[in-house]
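J.: query-v5.csv (CSV, C-alpha atoms) pasted underneath:
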```
chain,number,residue,atom,x,y,z
A,7,MET,CA,25.8,7.3,-10.2
A,8,MET,CA,22.5,5.6,-11.1
A,9,GLU,CA,19.7,7.7,-12.5
A,10,VAL,CA,16.2,6.9,-13.6
A,11,SER,CA,14.4,9.0,-16.2
A,12,PHE,CA,10.7,9.0,-17.3
A,13,GLN,CA,9.3,9.9,-20.6
A,14,ARG,CA,5.6,10.5,-21.3
A,15,CYS,CA,4.2,8.7,-24.3
A,16,SER,CA,0.9,8.7,-26.2
A,17,PRO,CA,-2.1,6.5,-25.2
A,18,THR,CA,-1.9,5.1,-28.7
A,19,HIS,CA,1.7,3.9,-28.2
A,20,PRO,CA,1.9,0.1,-29.1
A,21,LEU,CA,3.1,-0.8,-25.6
A,22,VAL,CA,0.0,0.9,-24.1
A,23,VAL,CA,-2.5,-0.6,-26.6
A,24,GLN,CA,-1.0,-4.1,-26.0
A,25,ALA,CA,-1.2,-4.0,-22.2
A,26,PRO,CA,-3.9,-6.5,-21.3
A,27,LEU,CA,-5.2,-4.5,-18.3
A,28,ALA,CA,-5.2,-1.1,-20.0
A,29,ASP,CA,-8.3,0.5,-21.3
A,30,VAL,CA,-7.7,3.1,-24.0
A,31,ARG,CA,-11.3,4.2,-23.6
A,32,ALA,CA,-10.6,5.5,-20.1
A,33,PRO,CA,-11.7,9.2,-19.6
A,34,PHE,CA,-8.1,10.2,-19.0
A,35,ILE,CA,-5.1,7.9,-19.7
A,36,VAL,CA,-1.4,8.5,-19.9
A,37,ALA,CA,1.7,6.4,-19.9
A,38,TRP,CA,5.4,6.8,-19.1
A,39,LEU,CA,8.4,4.9,-20.3
A,40,TRP,CA,11.3,4.7,-17.9
A,41,GLN,CA,15.0,3.8,-18.3
A,42,THR,CA,18.0,3.6,-15.9
A,43,CYS,CA,21.5,4.9,-16.6
A,44,GLN,CA,24.6,4.3,-14.5
A,45,ASP,CA,27.5,6.6,-15.1
A,46,GLY,CA,26.1,7.5,-18.5
A,47,ASP,CA,25.5,3.9,-19.6
A,48,LEU,CA,22.0,2.5,-20.2
A,49,LEU,CA,21.1,-0.5,-18.0
A,50,ASP,CA,18.8,-3.0,-19.7
A,51,ASP,CA,16.0,-4.7,-17.8
A,52,VAL,CA,16.3,-8.4,-17.3
A,53,ASP,CA,13.4,-10.4,-18.8
A,54,GLY,CA,11.4,-7.2,-19.2
A,55,ARG,CA,11.4,-6.6,-15.4
A,56,PRO,CA,12.0,-3.0,-14.2
A,57,THR,CA,15.2,-2.5,-12.3
A,58,LYS,CA,15.1,-1.9,-8.6
A,59,ALA,CA,16.0,1.7,-9.2
A,60,GLU,CA,13.0,2.1,-11.6
A,61,CYS,CA,10.7,0.5,-9.1
A,62,GLY,CA,11.9,2.7,-6.3
A,63,ALA,CA,11.6,5.9,-8.4
A,64,CYS,CA,8.1,5.1,-9.5
A,65,PHE,CA,7.2,4.1,-6.0
A,66,ASP,CA,8.4,7.5,-4.7
A,67,VAL,CA,6.4,9.4,-7.2
A,68,LEU,CA,3.2,7.5,-6.5
A,69,LEU,CA,3.5,7.8,-2.7
A,70,GLY,CA,4.0,11.5,-3.0
A,71,LEU,CA,0.4,11.7,-4.2
A,72,GLY,CA,-1.4,9.0,-2.1
A,73,ARG,CA,-1.2,5.4,-1.0
A,74,ILE,CA,-0.8,2.3,-3.2
A,75,SER,CA,-3.0,-0.8,-3.0
A,76,PHE,CA,-2.3,-4.1,-4.8
A,77,LEU,CA,-3.1,-7.8,-4.6
A,78,SER,CA,-0.8,-10.3,-3.1
A,79,GLU,CA,-0.8,-14.1,-3.0
A,80,SER,CA,2.1,-14.1,-0.4
A,81,ARG,CA,0.6,-11.9,2.3
A,82,SER,CA,3.4,-13.0,4.7
A,83,ASP,CA,5.8,-11.0,2.6
A,84,PHE,CA,4.0,-7.8,3.4
A,85,SER,CA,3.7,-7.5,7.1
A,86,GLY,CA,4.4,-5.1,9.9
A,87,GLU,CA,3.9,-1.3,10.2
A,88,GLN,CA,4.6,-0.6,6.5
A,89,TYR,CA,1.5,-2.3,5.2
A,90,GLU,CA,-2.2,-2.5,5.8
A,91,GLN,CA,-4.1,-5.7,4.7
A,92,VAL,CA,-7.6,-6.7,4.0
A,93,ASP,CA,-8.5,-10.4,3.9
A,94,GLY,CA,-11.5,-12.7,4.1
A,95,PHE,CA,-13.9,-12.6,1.2
A,96,GLY,CA,-14.5,-16.3,1.3
A,97,GLY,CA,-13.9,-18.5,-1.7
A,98,LYS,CA,-17.3,-20.1,-1.9
A,99,THR,CA,-19.0,-16.8,-2.4
A,100,TYR,CA,-16.8,-15.5,-5.1
A,101,ARG,CA,-15.3,-18.5,-7.0
A,102,ARG,CA,-17.9,-18.5,-9.8
A,103,HIS,CA,-17.2,-14.8,-10.5
A,104,PHE,CA,-13.4,-15.1,-10.6
A,105,PRO,CA,-12.6,-18.4,-12.3
A,106,ALA,CA,-8.9,-17.5,-12.7
A,107,PHE,CA,-8.5,-17.6,-8.9
A,108,SER,CA,-8.2,-20.6,-6.5
A,109,ARG,CA,-11.4,-22.2,-5.4
A,110,TRP,CA,-10.3,-22.0,-1.7
A,111,THR,CA,-8.2,-18.9,-1.4
A,112,LEU,CA,-8.3,-15.4,-2.9
A,113,PRO,CA,-5.5,-12.8,-2.8
A,114,ALA,CA,-5.2,-10.3,0.0
A,115,LEU,CA,-5.4,-6.6,-0.6
A,116,VAL,CA,-2.2,-5.0,0.6
A,117,SER,CA,-1.8,-1.2,0.8
A,118,THR,CA,1.0,1.1,1.8
A,119,ARG,CA,1.8,4.7,2.2
A,120,CYS,CA,5.4,4.2,3.4
A,121,ARG,CA,8.3,5.2,1.2
A,122,ASP,CA,10.5,2.6,2.9
A,123,ALA,CA,8.2,-0.3,1.9
A,124,SER,CA,9.7,-2.9,-0.4
A,125,PRO,CA,9.3,-2.4,-4.2
A,126,ASP,CA,8.4,-6.1,-4.4
A,127,LEU,CA,4.8,-5.0,-4.7
A,128,PHE,CA,5.4,-4.8,-8.4
A,129,PHE,CA,5.7,-8.6,-8.5
A,130,ALA,CA,3.3,-9.6,-5.7
A,131,PHE,CA,0.5,-10.7,-8.0
A,132,GLY,CA,0.3,-11.5,-11.7
A,133,ASN,CA,3.4,-10.8,-13.9
A,134,TRP,CA,4.6,-7.2,-14.3
A,135,SER,CA,6.6,-8.0,-17.4
A,136,LEU,CA,3.4,-9.3,-19.1
A,137,GLY,CA,1.4,-6.3,-18.0
A,138,THR,CA,-0.8,-8.1,-15.4
A,139,GLN,CA,0.0,-6.5,-12.0
A,140,ALA,CA,-2.6,-3.8,-11.5
A,141,LEU,CA,-2.2,-1.2,-8.7
A,142,LEU,CA,-4.5,1.5,-7.3
A,143,LEU,CA,-3.5,5.0,-6.3
A,144,MET,CA,-5.8,6.1,-3.5
A,145,THR,CA,-6.0,9.3,-1.4
A,146,GLY,CA,-3.5,9.3,1.4
A,147,SER,CA,-6.1,9.9,4.1
A,148,SER,CA,-8.3,6.9,3.2
A,149,ARG,CA,-8.2,3.3,4.5
A,150,PRO,CA,-8.0,0.2,2.4
A,151,ASP,CA,-11.2,-1.9,2.2
A,152,HIS,CA,-12.9,-4.7,0.3
A,153,VAL,CA,-14.1,-2.4,-2.4
A,154,GLU,CA,-10.6,-1.8,-3.5
A,155,ARG,CA,-9.9,-5.5,-3.6
A,156,ASP,CA,-13.0,-6.1,-5.6
A,157,LEU,CA,-11.9,-3.5,-8.2
A,158,LEU,CA,-8.5,-5.1,-8.5
A,159,MET,CA,-9.9,-8.6,-8.8
A,160,ARG,CA,-12.3,-7.4,-11.6
A,161,VAL,CA,-9.4,-5.8,-13.5
A,162,ASN,CA,-7.2,-8.9,-13.2
A,163,SER,CA,-10.0,-11.2,-14.3
A,164,GLY,CA,-10.7,-9.1,-17.4
A,165,ARG,CA,-14.0,-7.8,-16.2
A,166,ALA,CA,-15.0,-4.1,-16.6
A,167,PRO,CA,-13.6,-2.1,-13.6
A,168,LYS,CA,-15.7,0.2,-11.5
A,169,ASP,CA,-13.8,3.6,-11.4
A,170,GLY,CA,-16.4,5.3,-9.3
A,171,ILE,CA,-15.2,3.9,-5.9
A,172,PRO,CA,-14.5,6.4,-3.1
A,173,ASN,CA,-11.0,7.8,-2.7
A,174,LEU,CA,-9.7,6.4,-6.0
A,175,LEU,CA,-7.2,8.6,-7.8
A,176,ALA,CA,-6.1,6.3,-10.6
A,177,ARG,CA,-5.8,2.7,-11.8
A,178,LEU,CA,-2.2,1.8,-12.7
A,179,VAL,CA,-1.0,-1.0,-14.9
A,180,PRO,CA,2.3,-1.9,-16.4
A,181,MET,CA,3.3,-1.9,-20.0
A,182,VAL,CA,3.7,-5.4,-21.4
A,183,ASP,CA,7.5,-5.5,-21.3
A,184,GLY,CA,7.9,-3.9,-17.9
A,185,CYS,CA,9.5,-0.7,-19.1
A,186,GLY,CA,6.7,1.7,-18.1
A,187,LEU,CA,3.5,2.5,-16.3
A,188,ILE,CA,0.0,3.4,-17.6
A,189,ALA,CA,-2.4,5.5,-15.5
A,190,MET,CA,-6.1,5.7,-16.0
A,191,SER,CA,-8.3,8.2,-14.1
A,192,SER,CA,-11.7,9.9,-14.2
A,193,ALA,CA,-10.0,13.2,-13.2
A,194,SER,CA,-7.7,15.2,-15.5
A,195,LYS,CA,-6.1,16.8,-12.5
A,196,VAL,CA,-4.8,13.5,-11.2
A,197,ILE,CA,-3.2,12.8,-14.6
A,198,ASP,CA,-1.6,16.3,-14.6
A,199,ASP,CA,-0.3,15.7,-11.1
A,200,LEU,CA,1.2,12.4,-12.0
A,201,SER,CA,2.7,13.8,-15.2
A,202,SER,CA,4.3,16.7,-13.3
A,203,ALA,CA,5.7,14.3,-10.7
A,204,PHE,CA,7.1,11.8,-13.2
A,205,THR,CA,8.7,14.4,-15.5
A,206,SER,CA,10.1,16.8,-12.9
A,207,GLY,CA,13.6,15.4,-13.4
A,208,ARG,CA,15.9,12.4,-13.0
A,209,ARG,CA,15.9,10.4,-9.8
```
Rewrite the coordinates I just gave you, this time as structure tokens.
T.:
Amino acid sequence: MMEVSFQRCSPTHPLVVQAPLADVRAPFIVAWLWQTCQDGDLLDDVDGRPTKAECGACFDVLLGLGRISFLSESRSDFSGEQYEQVDGFGGKTYRRHFPAFSRWTLPALVSTRCRDASPDLFFAFGNWSLGTQALLLMTGSSRPDHVERDLLMRVNSGRAPKDGIPNLLARLVPMVDGCGLIAMSSASKVIDDLSSAFTSGRR
């Protein structure tokens, strides 16, 4: 039997401090380490990537609180009823603000509230094992829009994020070796809800 366990760790943990998208000055920040065991034996991640079981367990916790938004360069991989997409900023308008992105194309915002959706969202943009795939946890009743994509693009390009956008519950980023998740929020209740959900038992 495969089980995933989560352990809360300090915002001063080295894997939190080293994460390139994390902001230890955030009003409320918390992180969780995860590990997978099968029949009592610890399963190691490959190249720092979380196991499918870890992705799925994390995904279930987050979707229990709201919907998840993320960037994707391969929008065709996220289609159908499980995902909502926002496209169309226009490269000419934004290329000087986001030099890390292509001159002609910008990533799509993809959002889901479906538990059956693929865990591939952890690898849709950036590199999870290097701590560069940011996610947003939004209220479940809200709809994805360009403001969310702008926030994610700011985070991924190293610019200061705007946490005051409507319906934002938390910014989520990976630890640098893929073995955990960091959450930043302006509301302590969101952090408490996440902590309760992650530490409620094995999955």
J.: Looking at only C-alpha atoms, which of A:Ser75, A:Ser202, A:Asn173, A:Ser192 is the one that sits closest to Ile35 in chain A?
T.: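 When distances to Ile35 in chain A are compared using only C-alpha atoms, the smallest one comes from A:Ser192.
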J.: Extract, using all atoms listed in the file, all DNA, RNA and protein residues at most 8 Å from Leu39 in chain A, discarding same-chain residues fewer than 4 positions from it, and format them as a ChimeraX atom specification.
T.: /A:12-15,185-187
J.: Between A:Gln24, A:Ser135, A:Ser117, A:Thr18, single out the one closest to Val36 in chain A, counting only C-alpha atoms.
T.: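 Checking each candidate against Val36 in chain A, we get A:Thr18 as the closest.
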J.: Can you report as lines of an AutoDock Vina configuration file the centre and edge lengths in Å, to one decimal, of an axis-aligned box around the listed atoms of range 173-179 of chain A padded with 8 Å on each side?
T.:
```
center_x = -6.0
center_y = 3.8
center_z = -8.8
size_x = 26.0
size_y = 25.6
size_z = 28.2
```
J.: Taking into account only C-alpha atoms, which residue in the set A:Val92, A:Val153, A:Val67, A:Met181 is nearest to Cys120 in chain A?
T.: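 Of A:Val92, A:Val153, A:Val67, A:Met181, the one nearest Cys120 in chain A, counting only C-alpha atoms, is A:Val67.
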J.: List the neighbours of Val182 in chain A out to 8 Å using only C-alpha atoms; skip same-chain residues closer than 3 positions along the sequence, and give me the result as a PyMOL selection string.
T.: chain A and resi 21-22+24-26+134-138+185
J.: So which one's closest to Pro172 in chain A, A:Asp122, A:Asp198, A:Leu143, A:Gly184? Using all atoms listed in the file, please.
T.: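 Among the listed residues, the smallest separation from Pro172 in chain A belongs to A:Leu143.
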J.: Please work out which residues fall within 12 Å of (-11.4, 1.0, 4.3), coordinates as given in the file, with only C-alpha atoms counting, and return them as a PyMOL selection string.
T.: chain A and resi 75+90-93+115-117+144-155+171-174
J.: Rank A:Asn133, A:Ala140, A:Gln41, A:Ser11 by their smallest atom-to-atom distance to Gly164 in chain A, using only C-alpha atoms, and report the top residue only.
T.: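 Residue with the minimum atom-to-atom distance to Gly164 in chain A: A:Ala140.
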